[in-house]
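Engineer: Input structure: protein11.tsv, which contains TSV, C-alpha atoms and all ligand atoms.
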```
chain	number	residue	atom	x	y	z
D	1	MET	CA	61.47	117.60	96.53
D	2	THR	CA	64.48	116.16	98.34
D	3	ILE	CA	67.77	115.68	96.58
D	4	ILE	CA	70.16	112.87	97.44
D	5	ARG	CA	73.71	113.18	96.20
D	6	GLY	CA	76.25	110.54	95.40
D	7	ALA	CA	79.64	110.16	93.70
D	8	THR	CA	82.15	107.49	92.93
D	9	THR	CA	85.31	107.01	90.89
D	10	ILE	CA	86.50	104.34	88.48
D	11	GLU	CA	90.06	103.31	87.69
D	12	LYS	CA	89.66	102.66	83.97
D	13	ASP	CA	87.33	104.14	81.41
D	14	CYS	CA	85.62	100.92	80.31
D	15	LYS	CA	82.07	99.60	80.15
D	16	GLU	CA	82.50	97.02	82.93
D	17	GLU	CA	83.86	99.53	85.45
D	18	ILE	CA	81.22	102.16	84.63
D	19	SER	CA	78.40	99.61	84.91
D	20	SER	CA	79.57	98.22	88.22
D	21	ALA	CA	80.34	101.68	89.68
D	22	VAL	CA	76.85	102.94	88.76
D	23	LYS	CA	75.21	99.82	90.19
D	24	ASN	CA	77.18	99.98	93.45
D	25	LEU	CA	76.45	103.67	93.90
D	26	LEU	CA	72.73	103.29	93.26
D	27	ASP	CA	72.43	100.14	95.36
D	28	GLU	CA	74.04	101.88	98.34
D	29	ILE	CA	71.94	105.05	97.98
D	30	PHE	CA	68.74	103.01	97.77
D	31	SER	CA	69.49	100.67	100.65
D	32	LEU	CA	70.92	103.35	102.96
D	33	ASN	CA	67.92	105.64	102.39
D	34	LYS	CA	65.36	102.80	102.26
D	35	LEU	CA	64.06	104.27	99.03
D	36	ALA	CA	60.95	102.93	97.31
D	37	LYS	CA	60.77	103.09	93.51
D	38	ASN	CA	57.78	105.43	93.52
D	39	GLU	CA	59.67	107.95	95.69
D	40	VAL	CA	62.29	108.53	92.96
D	41	LYS	CA	61.40	111.18	90.38
D	42	GLY	CA	64.59	111.47	88.35
D	43	LEU	CA	68.30	110.64	88.21
D	44	LEU	CA	70.88	113.07	86.89
D	45	PHE	CA	74.44	111.83	86.40
D	46	SER	CA	77.42	114.02	85.66
D	47	LEU	CA	80.75	112.73	84.44
D	48	THR	CA	84.25	114.11	84.32
D	49	THR	CA	85.49	114.66	80.77
D	50	ASP	CA	87.75	111.59	80.85
D	51	ILE	CA	84.82	109.14	80.81
D	52	HIS	CA	83.63	108.05	77.35
D	53	ALA	CA	83.32	104.29	77.31
D	54	TYR	CA	79.71	103.83	78.37
D	55	HIS	CA	76.62	105.86	79.15
D	56	PRO	CA	75.86	105.79	82.90
D	57	ALA	CA	72.13	106.24	82.27
D	58	LYS	CA	72.22	103.09	80.16
D	59	ALA	CA	74.19	101.31	82.86
D	60	ALA	CA	71.56	102.36	85.44
D	61	ARG	CA	68.72	101.13	83.24
D	62	GLU	CA	70.44	97.80	82.70
D	63	CYS	CA	70.73	97.11	86.39
D	64	GLY	CA	67.05	97.77	87.06
D	65	TYR	CA	66.93	101.52	87.78
D	66	ASP	CA	64.60	102.19	84.86
D	67	PHE	CA	61.55	103.48	86.72
D	68	ALA	CA	62.37	107.20	86.58
D	69	PRO	CA	63.80	109.55	83.93
D	70	LEU	CA	67.57	109.25	83.60
D	71	PHE	CA	69.96	111.83	82.22
D	72	ALA	CA	73.74	112.31	82.07
D	73	ALA	CA	75.89	115.37	81.38
D	74	ILE	CA	79.56	116.17	81.08
D	75	GLU	CA	81.08	118.43	83.74
D	76	PRO	CA	83.39	121.34	83.00
D	77	GLU	CA	87.05	120.37	83.14
D	78	ILE	CA	88.50	121.63	86.42
D	79	ILE	CA	92.26	121.82	86.92
D	80	GLY	CA	93.16	119.60	89.85
D	81	GLY	CA	89.64	118.13	90.03
D	82	LEU	CA	88.98	114.45	90.61
D	83	GLN	CA	89.52	112.20	87.63
D	84	LEU	CA	87.28	109.42	86.30
D	85	CYS	CA	84.47	110.53	88.58
D	86	ILE	CA	80.74	109.84	88.26
D	87	ARG	CA	78.44	112.09	90.28
D	88	LEU	CA	74.73	111.75	90.79
D	89	MET	CA	71.75	113.82	91.90
D	90	LEU	CA	68.72	111.81	92.75
D	91	PHE	CA	65.44	113.75	92.85
D	92	THR	CA	62.95	112.29	95.31
D	93	GLU	CA	59.52	112.92	96.81
D	94	LEU	CA	59.74	111.11	100.13
D	95	GLU	CA	56.56	109.65	101.61
D	96	ASN	CA	57.51	110.34	105.18
D	97	ASP	CA	59.90	112.94	106.47
D	98	ARG	CA	63.36	111.45	106.95
D	99	ASN	CA	66.93	112.55	106.93
D	100	VAL	CA	68.62	111.52	103.73
D	101	LYS	CA	72.10	110.08	103.52
D	102	HIS	CA	74.41	111.09	100.69
D	103	VAL	CA	76.82	108.46	99.41
D	104	TYR	CA	80.44	109.05	98.44
D	105	GLN	CA	82.46	106.06	97.39
D	106	LYS	CA	86.09	105.35	96.51
D	107	GLY	CA	88.14	108.39	95.41
D	108	ALA	CA	85.10	110.69	95.61
D	109	LYS	CA	85.18	110.44	99.43
D	110	VAL	CA	88.15	112.73	99.75
D	111	LEU	CA	86.41	115.67	98.13
D	112	ARG	CA	83.84	115.77	100.87
D	113	LYS	CA	85.90	116.98	103.81
D	114	ASP	CA	82.76	116.92	105.96
D	115	ILE	CA	82.25	113.20	105.52
D	116	SER	CA	85.69	111.77	104.93
D	117	GLU	CA	87.96	110.98	107.82
D	118	ILE	CA	91.35	112.67	108.15
D	119	PHE	CA	93.97	110.64	106.35
D	120	ASN	CA	97.65	111.10	105.65
D	121	ILE	CA	99.85	110.00	102.80
D	122	ALA	CA	103.50	109.48	103.76
D	123	LEU	CA	106.03	109.78	100.93
D	124	ASP	CA	109.58	109.00	101.98
D	125	GLY	CA	112.71	108.59	99.96
D	126	PRO	CA	116.13	110.00	99.13
D	127	ALA	CA	116.85	113.40	97.58
D	128	GLY	CA	115.77	113.80	93.96
D	129	SER	CA	113.53	110.74	93.88
D	130	GLY	CA	110.63	112.87	92.65
D	131	LYS	CA	108.72	112.89	95.95
D	132	SER	CA	107.89	116.57	95.99
D	133	THR	CA	106.54	116.68	92.42
D	134	VAL	CA	104.38	113.67	93.13
D	135	ALA	CA	103.31	115.00	96.54
D	136	LYS	CA	102.18	118.31	95.04
D	137	SER	CA	100.10	116.56	92.38
D	138	LEU	CA	98.52	114.19	94.87
D	139	ALA	CA	97.62	117.06	97.18
D	140	LYS	CA	95.98	118.91	94.30
D	141	ASP	CA	94.07	115.90	92.99
D	142	TYR	CA	92.79	114.85	96.41
D	143	ASN	CA	92.22	118.43	97.51
D	144	ILE	CA	94.36	118.02	100.63
D	145	LEU	CA	97.40	119.81	102.04
D	146	TYR	CA	101.00	119.22	100.96
D	147	LEU	CA	103.52	119.44	103.79
D	148	ASP	CA	107.12	119.61	102.60
D	149	THR	CA	109.00	118.54	105.75
D	150	GLY	CA	112.41	118.90	104.08
D	151	ALA	CA	111.71	122.62	103.76
D	152	MET	CA	111.49	122.84	107.55
D	153	TYR	CA	114.96	121.30	108.01
D	154	ARG	CA	116.25	123.54	105.23
D	155	ALA	CA	114.94	126.59	107.08
D	156	CYS	CA	116.76	125.44	110.24
D	157	ALA	CA	119.94	125.06	108.19
D	158	LEU	CA	119.56	128.51	106.65
D	159	LYS	CA	119.24	130.06	110.08
D	160	ALA	CA	122.39	128.26	111.27
D	161	LEU	CA	124.32	129.27	108.15
D	162	ARG	CA	123.31	132.89	108.64
D	163	LEU	CA	124.48	132.79	112.24
D	164	GLY	CA	127.76	131.19	111.16
D	165	VAL	CA	126.99	128.05	113.18
D	166	ASP	CA	128.60	124.75	112.17
D	167	THR	CA	125.59	122.54	111.33
D	168	LYS	CA	127.52	119.43	112.35
D	169	ASP	CA	128.21	120.73	115.85
D	170	GLY	CA	125.40	119.47	118.11
D	171	GLU	CA	126.14	121.86	120.99
D	172	ALA	CA	126.32	124.90	118.71
D	173	VAL	CA	123.06	123.89	117.03
D	174	LYS	CA	121.40	123.43	120.43
D	175	ALA	CA	122.40	126.95	121.38
D	176	ILE	CA	120.42	128.51	118.50
D	177	LEU	CA	117.19	126.62	119.34
D	178	PRO	CA	115.58	129.51	121.27
D	179	GLU	CA	116.03	131.76	118.21
D	180	LEU	CA	114.85	129.16	115.73
D	181	ASP	CA	111.41	130.31	114.67
D	182	VAL	CA	110.41	128.06	111.75
D	183	LYS	CA	106.81	128.23	110.57
D	184	VAL	CA	104.84	126.97	107.61
D	185	GLU	CA	101.91	128.82	106.11
D	186	TYR	CA	99.68	128.20	103.16
D	187	LYS	CA	98.82	130.73	100.49
D	188	ASP	CA	96.68	129.74	97.49
D	189	GLY	CA	97.29	126.11	98.41
D	190	ALA	CA	101.10	126.44	98.30
D	191	GLN	CA	103.39	126.08	101.30
D	192	ARG	CA	105.42	129.10	102.40
D	193	THR	CA	108.27	128.41	104.77
D	194	LEU	CA	109.05	131.22	107.19
D	195	LEU	CA	111.94	132.11	109.47
D	196	GLY	CA	110.31	134.53	111.85
D	197	GLU	CA	108.28	136.73	109.51
D	198	GLU	CA	110.63	136.28	106.55
D	199	ASP	CA	109.47	134.08	103.68
D	200	VAL	CA	112.51	131.90	102.91
D	201	SER	CA	110.76	129.47	100.52
D	202	GLN	CA	113.11	130.34	97.63
D	203	LYS	CA	116.30	130.88	99.60
D	204	ILE	CA	116.21	127.41	101.18
D	205	ARG	CA	116.28	125.77	97.73
D	206	GLU	CA	119.82	126.91	97.05
D	207	ASN	CA	122.29	124.08	96.74
D	208	ALA	CA	124.43	125.42	99.59
D	209	VAL	CA	121.53	124.78	101.97
D	210	SER	CA	121.03	121.11	100.97
D	211	MET	CA	124.01	119.55	102.72
D	212	ALA	CA	123.60	121.85	105.73
D	213	ALA	CA	119.97	120.65	106.00
D	214	SER	CA	121.14	117.05	105.98
D	215	ASN	CA	123.68	117.89	108.72
D	216	ILE	CA	121.30	119.77	110.95
D	217	SER	CA	118.50	117.23	110.57
D	218	ALA	CA	120.67	114.60	112.26
D	219	HIS	CA	120.46	116.36	115.65
D	220	PRO	CA	117.70	115.00	117.93
D	221	VAL	CA	116.91	118.47	119.36
D	222	ILE	CA	116.06	119.72	115.88
D	223	ARG	CA	114.10	116.63	114.90
D	224	VAL	CA	111.98	116.61	118.07
D	225	LYS	CA	110.91	120.19	117.41
D	226	MET	CA	110.15	119.68	113.71
D	227	VAL	CA	108.40	116.33	114.17
D	228	GLU	CA	106.11	117.85	116.79
D	229	MET	CA	105.05	120.57	114.33
D	230	GLN	CA	104.53	118.02	111.57
D	231	ARG	CA	102.34	115.82	113.78
D	232	GLU	CA	100.25	118.81	114.87
D	233	ILE	CA	99.49	119.72	111.26
D	234	ALA	CA	98.80	116.13	110.18
D	235	LYS	CA	96.44	115.59	113.12
D	236	LYS	CA	94.21	118.47	112.10
D	237	MET	CA	93.80	117.86	108.40
D	238	SER	CA	94.32	115.36	105.63
D	239	CYS	CA	97.69	115.88	104.04
D	240	VAL	CA	100.47	114.38	102.02
D	241	LEU	CA	103.85	114.71	103.71
D	242	ASP	CA	107.16	114.07	102.04
D	243	GLY	CA	110.41	113.48	103.89
D	244	ARG	CA	112.72	110.78	105.16
D	245	ASP	CA	111.02	109.43	108.30
D	246	ILE	CA	107.33	110.14	107.82
D	247	GLY	CA	106.14	106.54	107.51
D	248	SER	CA	108.62	105.21	110.07
D	249	THR	CA	108.59	107.85	112.83
D	250	VAL	CA	106.44	110.94	112.27
D	251	LEU	CA	103.23	109.12	111.34
D	252	PRO	CA	103.71	105.38	111.79
D	253	ASP	CA	99.91	105.00	111.54
D	254	ALA	CA	99.55	106.89	108.25
D	255	LYS	CA	96.90	105.22	106.12
D	256	PHE	CA	99.06	105.30	102.98
D	257	LYS	CA	102.83	104.92	102.90
D	258	PHE	CA	105.13	105.01	99.90
D	259	PHE	CA	108.88	104.85	99.58
D	260	ILE	CA	109.94	106.63	96.39
D	261	THR	CA	113.43	105.95	95.16
D	262	ALA	CA	115.55	106.08	91.99
D	263	ASP	CA	119.10	105.44	90.86
D	264	SER	CA	121.47	108.12	92.23
D	265	LYS	CA	122.59	109.22	88.72
D	266	VAL	CA	118.98	109.74	87.65
D	267	ARG	CA	118.30	111.72	90.81
D	268	ALA	CA	121.39	113.87	90.29
D	269	GLU	CA	120.28	114.58	86.71
D	270	ARG	CA	116.84	115.71	87.87
D	271	ARG	CA	118.35	117.99	90.51
D	272	TYR	CA	120.90	119.31	87.98
D	273	LYS	CA	118.14	120.35	85.57
D	274	GLU	CA	116.15	121.91	88.39
D	275	LEU	CA	119.10	124.03	89.56
D	276	LEU	CA	120.00	125.06	85.99
D	277	ALA	CA	116.42	126.14	85.39
D	278	ARG	CA	116.73	128.35	88.46
D	279	GLY	CA	119.94	129.86	87.09
D	280	GLU	CA	122.28	128.10	89.58
D	281	GLU	CA	125.55	126.96	87.99
D	282	VAL	CA	126.55	123.50	89.25
D	283	ASP	CA	128.97	120.78	88.24
D	284	PHE	CA	127.15	117.53	87.54
D	285	GLU	CA	129.78	115.19	89.00
D	286	LYS	CA	130.01	117.30	92.15
D	287	LEU	CA	126.23	117.33	92.48
D	288	HIS	CA	126.09	113.55	92.09
D	289	ALA	CA	128.76	113.10	94.77
D	290	GLU	CA	126.78	115.42	97.07
D	291	ILE	CA	123.60	113.42	96.56
D	292	VAL	CA	125.39	110.16	97.35
D	293	ALA	CA	126.94	111.76	100.46
D	294	ARG	CA	123.54	113.09	101.55
D	295	ASP	CA	121.93	109.65	101.05
D	296	LYS	CA	124.63	108.09	103.19
D	297	GLN	CA	124.35	110.68	105.93
D	298	ASP	CA	120.51	110.67	105.95
D	299	SER	CA	120.42	106.86	106.07
D	300	GLU	CA	123.19	106.28	108.56
D	301	ARG	CA	122.37	108.89	111.18
D	302	GLU	CA	121.50	107.41	114.52
D	303	PHE	CA	118.28	109.27	115.23
D	304	SER	CA	115.31	108.64	112.92
D	305	PRO	CA	117.25	107.84	109.73
D	306	LEU	CA	115.93	107.54	106.20
D	307	VAL	CA	114.38	104.08	106.13
D	308	CYS	CA	111.67	102.36	104.21
D	309	ALA	CA	108.84	101.63	106.68
D	310	LYS	CA	108.07	97.93	106.57
D	311	ASP	CA	104.49	98.54	105.46
D	312	ALA	CA	105.41	101.10	102.76
D	313	ILE	CA	105.00	100.41	99.06
D	314	VAL	CA	108.30	100.87	97.24
D	315	ILE	CA	108.26	102.67	93.90
D	316	ASP	CA	111.47	102.93	91.88
D	317	THR	CA	111.01	105.95	89.60
D	318	SER	CA	114.30	105.57	87.65
D	319	THR	CA	112.51	104.75	84.42
D	320	MET	CA	109.10	106.21	85.18
D	321	ASP	CA	107.71	109.62	84.35
D	322	VAL	CA	105.63	111.63	86.81
D	323	ALA	CA	102.33	110.49	85.28
D	324	GLU	CA	103.31	106.84	85.70
D	325	VAL	CA	104.36	107.32	89.31
D	326	LEU	CA	101.11	109.13	90.07
D	327	ALA	CA	99.06	106.40	88.42
D	328	ALA	CA	100.85	103.74	90.47
D	329	ILE	CA	100.31	105.60	93.75
D	330	LYS	CA	96.69	106.44	93.02
D	331	GLY	CA	96.03	102.83	92.05
D	332	HIS	CA	97.13	101.72	95.53
D	333	ILE	CA	95.19	104.49	97.26
D	334	GLN	CA	91.96	103.80	95.35
D	335	SER	CA	92.17	100.13	96.21
D	336	LYS	CA	92.32	100.97	99.94
D	337	ILE	CA	89.69	103.74	100.07
M	401	LIG	O1	113.81	116.62	100.92
M	401	LIG	P1	114.90	117.72	101.05
M	401	LIG	O2	116.04	117.52	100.11
M	401	LIG	O3	114.29	119.09	100.94
M	401	LIG	O4	115.46	117.55	102.57
M	401	LIG	C1	116.57	118.27	103.04
M	401	LIG	C2	117.26	117.48	104.13
M	401	LIG	O5	116.44	117.43	105.29
M	401	LIG	C3	117.58	116.02	103.79
M	401	LIG	O6	118.93	115.82	103.37
M	401	LIG	C4	117.33	115.25	105.05
M	401	LIG	C5	116.48	116.15	105.89
M	401	LIG	N1	115.12	115.66	106.11
M	401	LIG	C6	114.93	114.79	107.16
M	401	LIG	O7	115.88	114.40	107.83
M	401	LIG	N2	113.69	114.38	107.48
M	401	LIG	C7	112.63	114.77	106.75
M	401	LIG	N3	111.40	114.37	107.10
M	401	LIG	C8	112.80	115.64	105.64
M	401	LIG	C9	114.09	116.04	105.34
```
Can you dump the structure from the file as structure tokens?

Structural biologist:
Amino acid sequence: MTIIRGATTIEKDCKEEISSAVKNLLDEIFSLNKLAKNEVKGLLFSLTTDIHAYHPAKAARECGYDFAPLFAAIEPEIIGGLQLCIRLMLFTELENDRNVKHVYQKGAKVLRKDISEIFNIALDGPAGSGKSTVAKSLAKDYNILYLDTGAMYRACALKALRLGVDTKDGEAVKAILPELDVKVEYKDGAQRTLLGEEDVSQKIRENAVSMAASNISAHPVIRVKMVEMQREIAKKMSCVLDGRDIGSTVLPDAKFKFFITADSKVRAERRYKELLARGEEVDFEKLHAEIVARDKQDSEREFSPLVCAKDAIVIDTSTMDVAEVLAAIKGHIQSKI
């Protein structure tokens, strides 16, 4: 008995999509493996719990795959697992010994790290646009790494603040470079940002660090060092990176590029709630003014400013919730996979 595996995803839970996804998957498995009908002994489909509209076994029968027993089952619901996914195990008795080829289509490709190529998702945009929330969800759903590049600049800023260095002073910033030991690590899938051996992941989120991060990130010496680290990570594994210059400078060849934006008042409100939830007292008007100032500084700096890469898809999240933003992004990704 030789088992051939396959999987695919659909975008909408409807009969037409299920039927065509099942047909495409089976057609590719059969043609790639040069399978004869009499070699196939059974087909077992499994579906994620969000698929209800049509029975895949019925879909298989309708498109001519009715020569072996067919069965379908529902999979357990896994947090962060792929959505709208149809998987298949094909039981075969092959007439002559041959290597079988498993088939992973559309969104299901990314779950098989061994067969899918390394790809990067660049999410750029101003502060508070919702990039990091979206980036974390995408990373979880696609089972890839999330690299928060802003955290790296924040760690640089924290170091400078601790040393009493003016983050606007290029020469003073240059002088601390040899002592600047920023690292990122991953624990249980979450990024930890380190200064030396110290985990500063929480500390760098304080509001006082935000403007200093914007200041320090304008200096080429800092950017060159951080960008090099970001490229190293992105080269080795599939990841979603959020920042200001990912699609334009860090990874101009990223397969997927999005520019996430929102009205500055909406962004200030989001940040306000986030800081309150963390117990930080802030004045809303002051916070809004800071966000506008940071936008201006990040966009107008000379070296690698915040820009929308010309091939990026722009998403204005002002009136969208996280689920809607995710659906929009995934829609684009699925259509390109
Ligand atoms: O995304 P954030 O708020 O954590 O970023 C903090 C600052 O770092 C931001 O004001 C600009 C800078 N930054 C950058 O210049 N390039 C990046 N790729 C990420 C952040």

Engineer: Using all atoms listed in the file, what table do you get, as CSV, when you list each residue of chain D with an atom no more than 7 Å from ligand LIG 401 (chain M), its nearest pair of atoms, and their distance in Å rounded to one decimal, rows by chain then rising number?

Structural biologist:
```
residue,atom,partner,partner_atom,distance
D:Ala127,CA,M:LIG401,O2,4.9
D:Thr149,CA,M:LIG401,C8,4.8
D:Gly150,CA,M:LIG401,C9,3.5
D:Ala151,CA,M:LIG401,O3,5.2
D:Tyr153,CA,M:LIG401,O5,5.0
D:Arg154,CA,M:LIG401,C1,5.7
D:Ser210,CA,M:LIG401,C1,5.7
D:Met211,CA,M:LIG401,O6,6.3
D:Ala213,CA,M:LIG401,C2,4.6
D:Ser214,CA,M:LIG401,O6,3.6
D:Ser217,CA,M:LIG401,O7,4.7
D:Ala218,CA,M:LIG401,O7,6.5
D:Asp242,CA,M:LIG401,N3,6.6
D:Gly243,CA,M:LIG401,N3,3.5
D:Arg244,CA,M:LIG401,N3,4.3
D:Asp245,CA,M:LIG401,N3,5.1
D:Ile246,CA,M:LIG401,N3,5.9
D:Arg294,CA,M:LIG401,O6,5.7
D:Asp298,CA,M:LIG401,C4,5.6
D:Pro305,CA,M:LIG401,O7,7.0
```

Engineer: Hey, can you spit out that residue selection with C-alpha atoms as a PDB file, in the frame of the given file?

Structural biologist:
```
ATOM      1  CA  ALA D 127     116.850 113.400  97.580  1.00  0.00           C
ATOM      2  CA  THR D 149     109.000 118.540 105.750  1.00  0.00           C
ATOM      3  CA  GLY D 150     112.410 118.900 104.080  1.00  0.00           C
ATOM      4  CA  ALA D 151     111.710 122.620 103.760  1.00  0.00           C
ATOM      5  CA  TYR D 153     114.960 121.300 108.010  1.00  0.00           C
ATOM      6  CA  ARG D 154     116.250 123.540 105.230  1.00  0.00           C
ATOM      7  CA  SER D 210     121.030 121.110 100.970  1.00  0.00           C
ATOM      8  CA  MET D 211     124.010 119.550 102.720  1.00  0.00           C
ATOM      9  CA  ALA D 213     119.970 120.650 106.000  1.00  0.00           C
ATOM     10  CA  SER D 214     121.140 117.050 105.980  1.00  0.00           C
ATOM     11  CA  SER D 217     118.500 117.230 110.570  1.00  0.00           C
ATOM     12  CA  ALA D 218     120.670 114.600 112.260  1.00  0.00           C
ATOM     13  CA  ASP D 242     107.160 114.070 102.040  1.00  0.00           C
ATOM     14  CA  GLY D 243     110.410 113.480 103.890  1.00  0.00           C
ATOM     15  CA  ARG D 244     112.720 110.780 105.160  1.00  0.00           C
ATOM     16  CA  ASP D 245     111.020 109.430 108.300  1.00  0.00           C
ATOM     17  CA  ILE D 246     107.330 110.140 107.820  1.00  0.00           C
ATOM     18  CA  ARG D 294     123.540 113.090 101.550  1.00  0.00           C
ATOM     19  CA  ASP D 298     120.510 110.670 105.950  1.00  0.00           C
ATOM     20  CA  PRO D 305     117.250 107.840 109.730  1.00  0.00           C
TER      21      PRO D 305
END
```

Engineer: Mind checking which residues fall within 7 Å of segment 182-196 of chain D, counting only C-alpha atoms, ignoring those fewer than 4 positions away in the same chain, and posting them as a list in words?

Structural biologist: Ala151, Met152, Ala155, Val200 and Ser201 of chain D

Engineer: Which residue is closest to His102 of chain D? Choose from D:Asp148, D:Glu28, D:Glu280, D:Glu11 and count all atoms listed in the file.

Structural biologist: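 Ranked by minimum distance to His102 of chain D, first place goes to D:Glu28.
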
Engineer: Nearest residue to Val307 of chain D out of D:Ile51, D:Ile260, D:Cys14, D:Leu138, using all atoms listed in the file?

Structural biologist: D:Ile260

Engineer: Point out the residue among D:Gln297, D:Thr92, D:Ser248, D:Thr319 with the least atom-to-atom distance to Leu123 of chain D, counting only C-alpha atoms.

Structural biologist: D:Ser248

Engineer: Hey, can you check how far atom CA of Asp199 of chain D sits from atom CA of Lys140 of chain D?

Structural biologist: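 Computing it gives 22.4 Å between the two atoms.
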
Engineer: Mind pulling up the distance from atom CA of Tyr146 of chain D to atom CA of Val250 of chain D?

Structural biologist: 15.0 Å

Engineer: Excluding same-chain residues fewer than 3 positions from Gln230 of chain D, what lies within 8 Å of it counting all atoms listed in the file, as a list in words?

Structural biologist: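 These residues fall inside the cut-off: Leu147, Thr149, Met226, Val227, Ile233, Ala234 and Val250 of chain D.
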
Engineer: For the residues in the current selection, export C-alpha atoms as a short mmCIF file (atom, residue, chain, number, x, y, z; two decimals), in the coordinates of the input.

Structural biologist:
```cif
data_model
loop_
_atom_site.label_atom_id
_atom_site.label_comp_id
_atom_site.auth_asym_id
_atom_site.auth_seq_id
_atom_site.Cartn_x
_atom_site.Cartn_y
_atom_site.Cartn_z
CA LEU D 147 103.52 119.44 103.79
CA THR D 149 109.00 118.54 105.75
CA MET D 226 110.15 119.68 113.71
CA VAL D 227 108.40 116.33 114.17
CA ILE D 233 99.49 119.72 111.26
CA ALA D 234 98.80 116.13 110.18
CA VAL D 250 106.44 110.94 112.27
#
```

Engineer: Hey, what's within 8 Å of Thr48 of chain D if we count all atoms listed in the file and toss same-chain stuff fewer than 5 positions away? As number ranges by chain, please?

Structural biologist: D: 74-77, 82-86

Engineer: Compile the contact shell of Lys109 of chain D as number ranges by chain: residues with an atom at most 10 Å away, counting all atoms listed in the file, same-chain residues fewer than 6 positions apart removed.

Structural biologist: D: 6-9, 103, 115-117, 142, 337

Engineer: Write out as a list in words the residues lying within 8 Å of Tyr54 of chain D, counting only C-alpha atoms and excluding same-chain residues fewer than 2 positions away.

Structural biologist: Cys14, Lys15, Ile18, Ser19, Ile51, His52, Pro56, Lys58 and Ala59 of chain D

Engineer: Atom CA of Arg61 of chain D to atom CA of Gly331 of chain D: how many Å, to one decimal?

Structural biologist: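 Those two atoms sit 28.7 Å apart.
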
Engineer: Which is closer to Ser31 of chain D than all the others in D:Ala135, D:Lys101, D:Ala172, D:Lys203, using only C-alpha atoms?

Structural biologist: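 Distance minimum relative to Ser31 of chain D lands on D:Lys101.
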
Engineer: Give the answer as one residue: which of D:Ala312, D:Ile176, D:Lys265, D:Lys106 has the shortest atom-to-atom distance to Lys336 of chain D, using only C-alpha atoms?

Structural biologist: D:Lys106
